[in-house]
Amino acid sequence: MDEEYLRRAIALATANVAAGGGPFGAVIVREGHVIAEGANRVTAAHDPTAHAEVVAIRAAGQALQSHDLSGCTIFASCEPCPMCLGAILWARLDRIVNAATKEDAAAAGFDDSNFYAELAKPPSARQTPMRRVLAAEGIAPLLAWRQFSAKVRY
């Protein structure tokens with residue numbers, strides 16, 4: 001069954017290329033039912049976060065009316081990039097099934113190796129500078145969250 005859903009993700013990616021978009025597609029499935037699909041919309045939406053996996057996760061959350069996608073599997077035409085992997089982990093998806101690898105993506109011009117290298121560095125050594133200020137004030141929302149009795153955990 002995995003192959004059927006993965007073929008759908010690959011078909012979405014291929015069709016997206018023909019439509020002028022990026023070569024990535026994703027399908028989210030729960031209990032044998034397709035919950036959501038997504039294709040790369042970065043250039044079409046002028047949104048650098050509109051990767052196929054993120055588009056599919058957003059659609060699945062709306063379809064299920066939940067931020068928790070436990071019990072779901074994501075089928076991705078390519079190995080998820082660090083941003084998409086982070087979104088998948090936050091969404092609590094049970095499994096990732098992919099076809100192409102990050103090395104395949106790099107050969108096509110989508111090289112994420114610099115992102116992996118950046119994440120391994122301490123914040124002060126990263127390419128994009130990070131500077132911490134207002135530390136005492138910045139913790140106030142977190143303290144308020146800890147004390148908020150009606151919070152929805154995620």
# chains A, B, ... in the order shown; residues from 1 in each chain; ligands from 1
>>> select_by_dssp(residues="chain A", states="alpha helix (DSSP H)", output="number ranges by chain")
A: 2-18, 42-45, 52-64, 82-91, 102-107, 113-120, 135-138, 140-147
>>> atom_distance(atom1="CA of Thr128 in chain A", atom2="CA of Ala107 in chain A")
24.9 Å
>>> residues_around(residues="Met83 in chain A", least_positions_apart="2", cutoff="12 Å", atoms="only C-alpha atoms", output="JSON, numbers by chain")
{"A": [48, 49, 50, 51, 52, 53, 54, 79, 80, 81, 85, 86, 87, 88, 89, 90, 112, 115, 116, 119]}
>>> write_last_selection(atoms="N, CA, C and O atoms", output="compact mmCIF listing (two decimals), in the first residue's frame")
# COMPACT_ATOMS: atom_id res chain seq x y z
N PRO A 48 8.43 30.99 1.09
CA PRO A 48 9.54 30.04 1.22
C PRO A 48 9.23 28.85 2.12
O PRO A 48 9.95 27.86 2.11
N THR A 49 8.13 28.91 2.88
CA THR A 49 7.76 27.78 3.73
C THR A 49 6.75 26.86 3.07
O THR A 49 6.35 25.84 3.67
N ALA A 50 6.32 27.15 1.87
CA ALA A 50 5.26 26.37 1.21
C ALA A 50 5.81 25.14 0.50
O ALA A 50 5.51 24.88 -0.66
N HIS A 51 6.61 24.36 1.22
CA HIS A 51 7.09 23.09 0.70
C HIS A 51 5.93 22.11 0.69
O HIS A 51 4.96 22.26 1.45
N ALA A 52 6.02 21.10 -0.14
CA ALA A 52 4.92 20.14 -0.30
C ALA A 52 4.49 19.53 1.03
O ALA A 52 3.29 19.42 1.31
N GLU A 53 5.45 19.15 1.86
CA GLU A 53 5.11 18.53 3.14
C GLU A 53 4.38 19.51 4.05
O GLU A 53 3.41 19.13 4.72
N VAL A 54 4.81 20.75 4.08
CA VAL A 54 4.17 21.76 4.92
C VAL A 54 2.77 22.06 4.40
O VAL A 54 1.81 22.17 5.19
N GLU A 79 13.04 12.95 0.25
CA GLU A 79 13.38 13.04 1.67
C GLU A 79 13.14 14.46 2.16
O GLU A 79 13.61 15.42 1.54
N PRO A 80 12.43 14.65 3.25
CA PRO A 80 12.12 15.99 3.73
C PRO A 80 13.38 16.79 4.12
O PRO A 80 14.32 16.24 4.69
N CYS A 81 13.33 18.08 3.83
CA CYS A 81 14.40 18.99 4.23
C CYS A 81 14.30 19.23 5.74
O CYS A 81 13.33 18.80 6.38
N LEU A 85 11.08 18.33 8.03
CA LEU A 85 11.24 17.33 9.07
C LEU A 85 10.80 17.90 10.41
O LEU A 85 10.10 17.24 11.18
N GLY A 86 11.16 19.15 10.68
CA GLY A 86 10.71 19.80 11.91
C GLY A 86 9.19 19.89 11.97
O GLY A 86 8.58 19.59 13.01
N ALA A 87 8.56 20.25 10.87
CA ALA A 87 7.10 20.34 10.82
C ALA A 87 6.47 18.96 11.03
O ALA A 87 5.47 18.82 11.74
N ILE A 88 7.05 17.94 10.43
CA ILE A 88 6.55 16.57 10.58
C ILE A 88 6.64 16.14 12.05
O ILE A 88 5.70 15.55 12.59
N LEU A 89 7.75 16.46 12.69
CA LEU A 89 7.92 16.09 14.09
C LEU A 89 6.93 16.85 14.98
O LEU A 89 6.32 16.27 15.89
N TRP A 90 6.74 18.15 14.72
CA TRP A 90 5.78 18.93 15.50
C TRP A 90 4.36 18.42 15.30
O TRP A 90 3.54 18.45 16.22
N ASP A 112 20.40 20.95 0.48
CA ASP A 112 20.12 21.36 1.86
C ASP A 112 21.29 21.12 2.80
O ASP A 112 21.17 21.36 4.00
N PHE A 115 22.09 23.75 5.27
CA PHE A 115 21.17 23.89 6.40
C PHE A 115 21.53 22.93 7.52
O PHE A 115 21.51 23.29 8.70
N TYR A 116 21.83 21.68 7.15
CA TYR A 116 22.24 20.70 8.16
C TYR A 116 23.51 21.17 8.86
O TYR A 116 23.63 21.05 10.08
N LEU A 119 22.67 24.03 11.32
CA LEU A 119 21.99 23.57 12.52
C LEU A 119 22.95 22.92 13.52
O LEU A 119 22.69 22.92 14.72
>>> residues_around(residues="Asp94 in chain A", least_positions_apart="3", cutoff="8 Å", atoms="only C-alpha atoms", output="list of chain:residue names")
A:Leu69, A:Ser70, A:Gly71, A:Cys72, A:Thr73
>>> atom_distance(atom1="CA of Ala18 in chain A", atom2="CA of Thr43 in chain A")
13.6 Å
>>> residues_around(residues="Leu6 in chain A", least_positions_apart="6", cutoff="12 Å", atoms="only C-alpha atoms", output="PyMOL selection string")
chain A and resi 12-13+24-29+34+37+73-79+96-100
>>> write_last_selection(atoms="N, CA and C atoms", output="short mmCIF file (atom, residue, chain, number, x, y, z; two decimals), in the first residue's frame")
data_model
loop_
_atom_site.label_atom_id
_atom_site.label_comp_id
_atom_site.auth_asym_id
_atom_site.auth_seq_id
_atom_site.Cartn_x
_atom_site.Cartn_y
_atom_site.Cartn_z
N LEU A 12 2.08 14.00 -8.02
CA LEU A 12 1.85 15.42 -7.67
C LEU A 12 3.09 16.25 -7.96
N ALA A 13 4.26 15.71 -7.62
CA ALA A 13 5.51 16.43 -7.85
C ALA A 13 5.76 16.64 -9.34
N PHE A 24 8.27 18.59 -5.98
CA PHE A 24 8.01 17.92 -4.71
C PHE A 24 6.52 17.77 -4.47
N GLY A 25 6.13 16.60 -3.97
CA GLY A 25 4.74 16.32 -3.64
C GLY A 25 4.67 15.52 -2.36
N ALA A 26 3.53 15.61 -1.66
CA ALA A 26 3.33 14.89 -0.41
C ALA A 26 1.87 14.50 -0.24
N VAL A 27 1.67 13.36 0.38
CA VAL A 27 0.33 12.84 0.66
C VAL A 27 0.31 12.39 2.12
N ILE A 28 -0.74 12.75 2.84
CA ILE A 28 -0.90 12.31 4.23
C ILE A 28 -2.08 11.36 4.31
N VAL A 29 -1.83 10.20 4.92
CA VAL A 29 -2.81 9.11 4.97
C VAL A 29 -3.03 8.69 6.42
N VAL A 34 -6.72 8.92 2.28
CA VAL A 34 -5.94 10.14 2.03
C VAL A 34 -6.62 11.28 2.76
N GLU A 37 -3.22 16.35 0.57
CA GLU A 37 -2.12 16.31 -0.39
C GLU A 37 -1.50 17.70 -0.47
N THR A 73 0.53 8.91 8.31
CA THR A 73 1.80 8.72 7.62
C THR A 73 1.90 9.76 6.53
N ILE A 74 3.09 10.32 6.34
CA ILE A 74 3.32 11.22 5.22
C ILE A 74 4.16 10.51 4.18
N PHE A 75 3.71 10.59 2.95
CA PHE A 75 4.41 10.03 1.80
C PHE A 75 4.95 11.21 1.02
N ALA A 76 6.26 11.30 0.91
CA ALA A 76 6.91 12.44 0.27
C ALA A 76 7.71 11.98 -0.94
N SER A 77 7.59 12.71 -2.01
CA SER A 77 8.32 12.34 -3.22
C SER A 77 9.83 12.38 -3.00
N CYS A 78 10.26 13.15 -2.01
CA CYS A 78 11.69 13.27 -1.71
C CYS A 78 11.88 13.35 -0.20
N GLU A 79 13.04 12.95 0.25
CA GLU A 79 13.38 13.04 1.67
C GLU A 79 13.14 14.46 2.16
N ILE A 96 7.33 8.48 8.01
CA ILE A 96 7.68 9.17 6.77
C ILE A 96 8.09 8.09 5.78
N VAL A 97 7.50 8.13 4.60
CA VAL A 97 7.90 7.24 3.52
C VAL A 97 8.27 8.15 2.35
N ASN A 98 9.51 8.02 1.87
CA ASN A 98 9.94 8.90 0.77
C ASN A 98 10.57 8.09 -0.35
N ALA A 99 10.66 8.72 -1.51
CA ALA A 99 11.25 8.08 -2.68
C ALA A 99 12.68 8.60 -2.89
N ALA A 100 12.83 9.79 -3.45
CA ALA A 100 14.16 10.35 -3.70
C ALA A 100 14.83 10.72 -2.38
#
>>> atom_distance(atom1="CA of Arg58 in chain A", atom2="CA of Ala36 in chain A")
8.6 Å
>>> select_by_dssp(residues="range 22-59 of chain A", states="strand (DSSP E)", output="count of residues only")
13
>>> closest_residue(among="A:Ala136, A:Ala56, A:Ala108, A:Met1", to="Gly32 in chain A", atoms="only C-alpha atoms")
A:Met1
>>> residues_around(residues="Ala60 in chain A", least_positions_apart="3", cutoff="6 Å", atoms="only C-alpha atoms", output="mmCIF file with N, CA and C atoms, in the first residue's frame")
data_model
loop_
_atom_site.group_PDB
_atom_site.id
_atom_site.type_symbol
_atom_site.label_atom_id
_atom_site.label_comp_id
_atom_site.auth_asym_id
_atom_site.auth_seq_id
_atom_site.Cartn_x
_atom_site.Cartn_y
_atom_site.Cartn_z
ATOM 1 N N ILE A 35 -5.897 11.907 3.641
ATOM 2 C CA ILE A 35 -6.409 13.041 4.419
ATOM 3 C C ILE A 35 -6.111 14.354 3.709
ATOM 4 N N ALA A 36 -4.904 14.445 3.122
ATOM 5 C CA ALA A 36 -4.495 15.694 2.480
ATOM 6 C C ALA A 36 -3.355 15.432 1.510
ATOM 7 N N ILE A 57 0.645 19.148 5.463
ATOM 8 C CA ILE A 57 0.401 19.174 6.907
ATOM 9 C C ILE A 57 -0.654 20.225 7.241
ATOM 10 N N ALA A 63 -8.332 19.539 7.731
ATOM 11 C CA ALA A 63 -9.265 18.441 7.468
ATOM 12 C C ALA A 63 -9.650 17.702 8.745
ATOM 13 N N LEU A 64 -8.673 17.503 9.618
ATOM 14 C CA LEU A 64 -8.914 16.773 10.862
ATOM 15 C C LEU A 64 -9.282 17.683 12.028
#
>>> decode(residues="range 71-96 of chain A", atoms="N, CA, C and O atoms", output="PDB file, in the first residue's frame")
ATOM      1  N   GLY A  71      -1.099   9.051  14.196  1.00  0.00           N
ATOM      2  CA  GLY A  71      -1.864   8.055  13.464  1.00  0.00           C
ATOM      3  C   GLY A  71      -1.775   8.214  11.960  1.00  0.00           C
ATOM      4  O   GLY A  71      -2.300   7.391  11.213  1.00  0.00           O
ATOM      5  N   CYS A  72      -1.103   9.269  11.513  1.00  0.00           N
ATOM      6  CA  CYS A  72      -0.970   9.531  10.082  1.00  0.00           C
ATOM      7  C   CYS A  72       0.443   9.201   9.597  1.00  0.00           C
ATOM      8  O   CYS A  72       1.397   9.246  10.363  1.00  0.00           O
ATOM      9  N   THR A  73       0.529   8.914   8.311  1.00  0.00           N
ATOM     10  CA  THR A  73       1.804   8.722   7.624  1.00  0.00           C
ATOM     11  C   THR A  73       1.903   9.761   6.525  1.00  0.00           C
ATOM     12  O   THR A  73       0.906  10.052   5.856  1.00  0.00           O
ATOM     13  N   ILE A  74       3.088  10.318   6.336  1.00  0.00           N
ATOM     14  CA  ILE A  74       3.322  11.224   5.223  1.00  0.00           C
ATOM     15  C   ILE A  74       4.162  10.508   4.177  1.00  0.00           C
ATOM     16  O   ILE A  74       5.162   9.870   4.495  1.00  0.00           O
ATOM     17  N   PHE A  75       3.711  10.590   2.950  1.00  0.00           N
ATOM     18  CA  PHE A  75       4.408  10.034   1.800  1.00  0.00           C
ATOM     19  C   PHE A  75       4.947  11.215   1.018  1.00  0.00           C
ATOM     20  O   PHE A  75       4.177  12.064   0.551  1.00  0.00           O
ATOM     21  N   ALA A  76       6.259  11.300   0.906  1.00  0.00           N
ATOM     22  CA  ALA A  76       6.907  12.440   0.271  1.00  0.00           C
ATOM     23  C   ALA A  76       7.712  11.976  -0.938  1.00  0.00           C
ATOM     24  O   ALA A  76       8.418  10.973  -0.862  1.00  0.00           O
ATOM     25  N   SER A  77       7.591  12.714  -2.009  1.00  0.00           N
ATOM     26  CA  SER A  77       8.323  12.340  -3.224  1.00  0.00           C
ATOM     27  C   SER A  77       9.825  12.376  -3.003  1.00  0.00           C
ATOM     28  O   SER A  77      10.571  11.694  -3.695  1.00  0.00           O
ATOM     29  N   CYS A  78      10.263  13.148  -2.005  1.00  0.00           N
ATOM     30  CA  CYS A  78      11.693  13.272  -1.712  1.00  0.00           C
ATOM     31  C   CYS A  78      11.883  13.345  -0.198  1.00  0.00           C
ATOM     32  O   CYS A  78      10.976  13.761   0.530  1.00  0.00           O
ATOM     33  N   GLU A  79      13.037  12.951   0.249  1.00  0.00           N
ATOM     34  CA  GLU A  79      13.384  13.044   1.671  1.00  0.00           C
ATOM     35  C   GLU A  79      13.143  14.460   2.161  1.00  0.00           C
ATOM     36  O   GLU A  79      13.611  15.424   1.539  1.00  0.00           O
ATOM     37  N   PRO A  80      12.427  14.648   3.253  1.00  0.00           N
ATOM     38  CA  PRO A  80      12.125  15.992   3.735  1.00  0.00           C
ATOM     39  C   PRO A  80      13.377  16.792   4.124  1.00  0.00           C
ATOM     40  O   PRO A  80      14.322  16.244   4.686  1.00  0.00           O
ATOM     41  N   CYS A  81      13.329  18.079   3.827  1.00  0.00           N
ATOM     42  CA  CYS A  81      14.398  18.992   4.230  1.00  0.00           C
ATOM     43  C   CYS A  81      14.298  19.227   5.740  1.00  0.00           C
ATOM     44  O   CYS A  81      13.329  18.801   6.375  1.00  0.00           O
ATOM     45  N   PRO A  82      15.258  19.911   6.341  1.00  0.00           N
ATOM     46  CA  PRO A  82      15.202  20.140   7.793  1.00  0.00           C
ATOM     47  C   PRO A  82      13.937  20.869   8.252  1.00  0.00           C
ATOM     48  O   PRO A  82      13.370  20.522   9.293  1.00  0.00           O
ATOM     49  N   MET A  83      13.463  21.850   7.479  1.00  0.00           N
ATOM     50  CA  MET A  83      12.244  22.569   7.872  1.00  0.00           C
ATOM     51  C   MET A  83      11.053  21.619   7.869  1.00  0.00           C
ATOM     52  O   MET A  83      10.253  21.594   8.818  1.00  0.00           O
ATOM     53  N   CYS A  84      10.936  20.838   6.806  1.00  0.00           N
ATOM     54  CA  CYS A  84       9.810  19.911   6.700  1.00  0.00           C
ATOM     55  C   CYS A  84       9.888  18.821   7.758  1.00  0.00           C
ATOM     56  O   CYS A  84       8.866  18.435   8.330  1.00  0.00           O
ATOM     57  N   LEU A  85      11.083  18.331   8.026  1.00  0.00           N
ATOM     58  CA  LEU A  85      11.244  17.332   9.066  1.00  0.00           C
ATOM     59  C   LEU A  85      10.797  17.904  10.410  1.00  0.00           C
ATOM     60  O   LEU A  85      10.100  17.238  11.185  1.00  0.00           O
ATOM     61  N   GLY A  86      11.161  19.146  10.683  1.00  0.00           N
ATOM     62  CA  GLY A  86      10.708  19.800  11.912  1.00  0.00           C
ATOM     63  C   GLY A  86       9.190  19.888  11.974  1.00  0.00           C
ATOM     64  O   GLY A  86       8.582  19.594  13.012  1.00  0.00           O
ATOM     65  N   ALA A  87       8.563  20.253  10.867  1.00  0.00           N
ATOM     66  CA  ALA A  87       7.096  20.337  10.822  1.00  0.00           C
ATOM     67  C   ALA A  87       6.472  18.962  11.031  1.00  0.00           C
ATOM     68  O   ALA A  87       5.466  18.822  11.738  1.00  0.00           O
ATOM     69  N   ILE A  88       7.047  17.943  10.430  1.00  0.00           N
ATOM     70  CA  ILE A  88       6.552  16.571  10.582  1.00  0.00           C
ATOM     71  C   ILE A  88       6.642  16.138  12.046  1.00  0.00           C
ATOM     72  O   ILE A  88       5.705  15.546  12.594  1.00  0.00           O
ATOM     73  N   LEU A  89       7.749  16.456  12.685  1.00  0.00           N
ATOM     74  CA  LEU A  89       7.918  16.092  14.092  1.00  0.00           C
ATOM     75  C   LEU A  89       6.926  16.847  14.980  1.00  0.00           C
ATOM     76  O   LEU A  89       6.323  16.267  15.888  1.00  0.00           O
ATOM     77  N   TRP A  90       6.742  18.153  14.724  1.00  0.00           N
ATOM     78  CA  TRP A  90       5.778  18.934  15.503  1.00  0.00           C
ATOM     79  C   TRP A  90       4.359  18.422  15.298  1.00  0.00           C
ATOM     80  O   TRP A  90       3.536  18.448  16.224  1.00  0.00           O
ATOM     81  N   ALA A  91       4.042  17.942  14.090  1.00  0.00           N
ATOM     82  CA  ALA A  91       2.701  17.442  13.791  1.00  0.00           C
ATOM     83  C   ALA A  91       2.462  16.047  14.364  1.00  0.00           C
ATOM     84  O   ALA A  91       1.346  15.555  14.339  1.00  0.00           O
ATOM     85  N   ARG A  92       3.520  15.410  14.850  1.00  0.00           N
ATOM     86  CA  ARG A  92       3.437  14.076  15.461  1.00  0.00           C
ATOM     87  C   ARG A  92       3.023  12.986  14.475  1.00  0.00           C
ATOM     88  O   ARG A  92       2.353  12.021  14.850  1.00  0.00           O
ATOM     89  N   LEU A  93       3.405  13.141  13.201  1.00  0.00           N
ATOM     90  CA  LEU A  93       3.126  12.088  12.225  1.00  0.00           C
ATOM     91  C   LEU A  93       3.856  10.814  12.637  1.00  0.00           C
ATOM     92  O   LEU A  93       4.970  10.867  13.167  1.00  0.00           O
ATOM     93  N   ASP A  94       3.243   9.666  12.400  1.00  0.00           N
ATOM     94  CA  ASP A  94       3.818   8.398  12.839  1.00  0.00           C
ATOM     95  C   ASP A  94       4.986   7.930  11.987  1.00  0.00           C
ATOM     96  O   ASP A  94       5.918   7.319  12.500  1.00  0.00           O
ATOM     97  N   ARG A  95       4.891   8.169  10.675  1.00  0.00           N
ATOM     98  CA  ARG A  95       5.917   7.640   9.752  1.00  0.00           C
ATOM     99  C   ARG A  95       6.137   8.592   8.601  1.00  0.00           C
ATOM    100  O   ARG A  95       5.251   9.362   8.234  1.00  0.00           O
ATOM    101  N   ILE A  96       7.328   8.476   8.009  1.00  0.00           N
ATOM    102  CA  ILE A  96       7.683   9.168   6.774  1.00  0.00           C
ATOM    103  C   ILE A  96       8.092   8.088   5.783  1.00  0.00           C
ATOM    104  O   ILE A  96       8.934   7.252   6.088  1.00  0.00           O
TER     105      ILE A  96
END
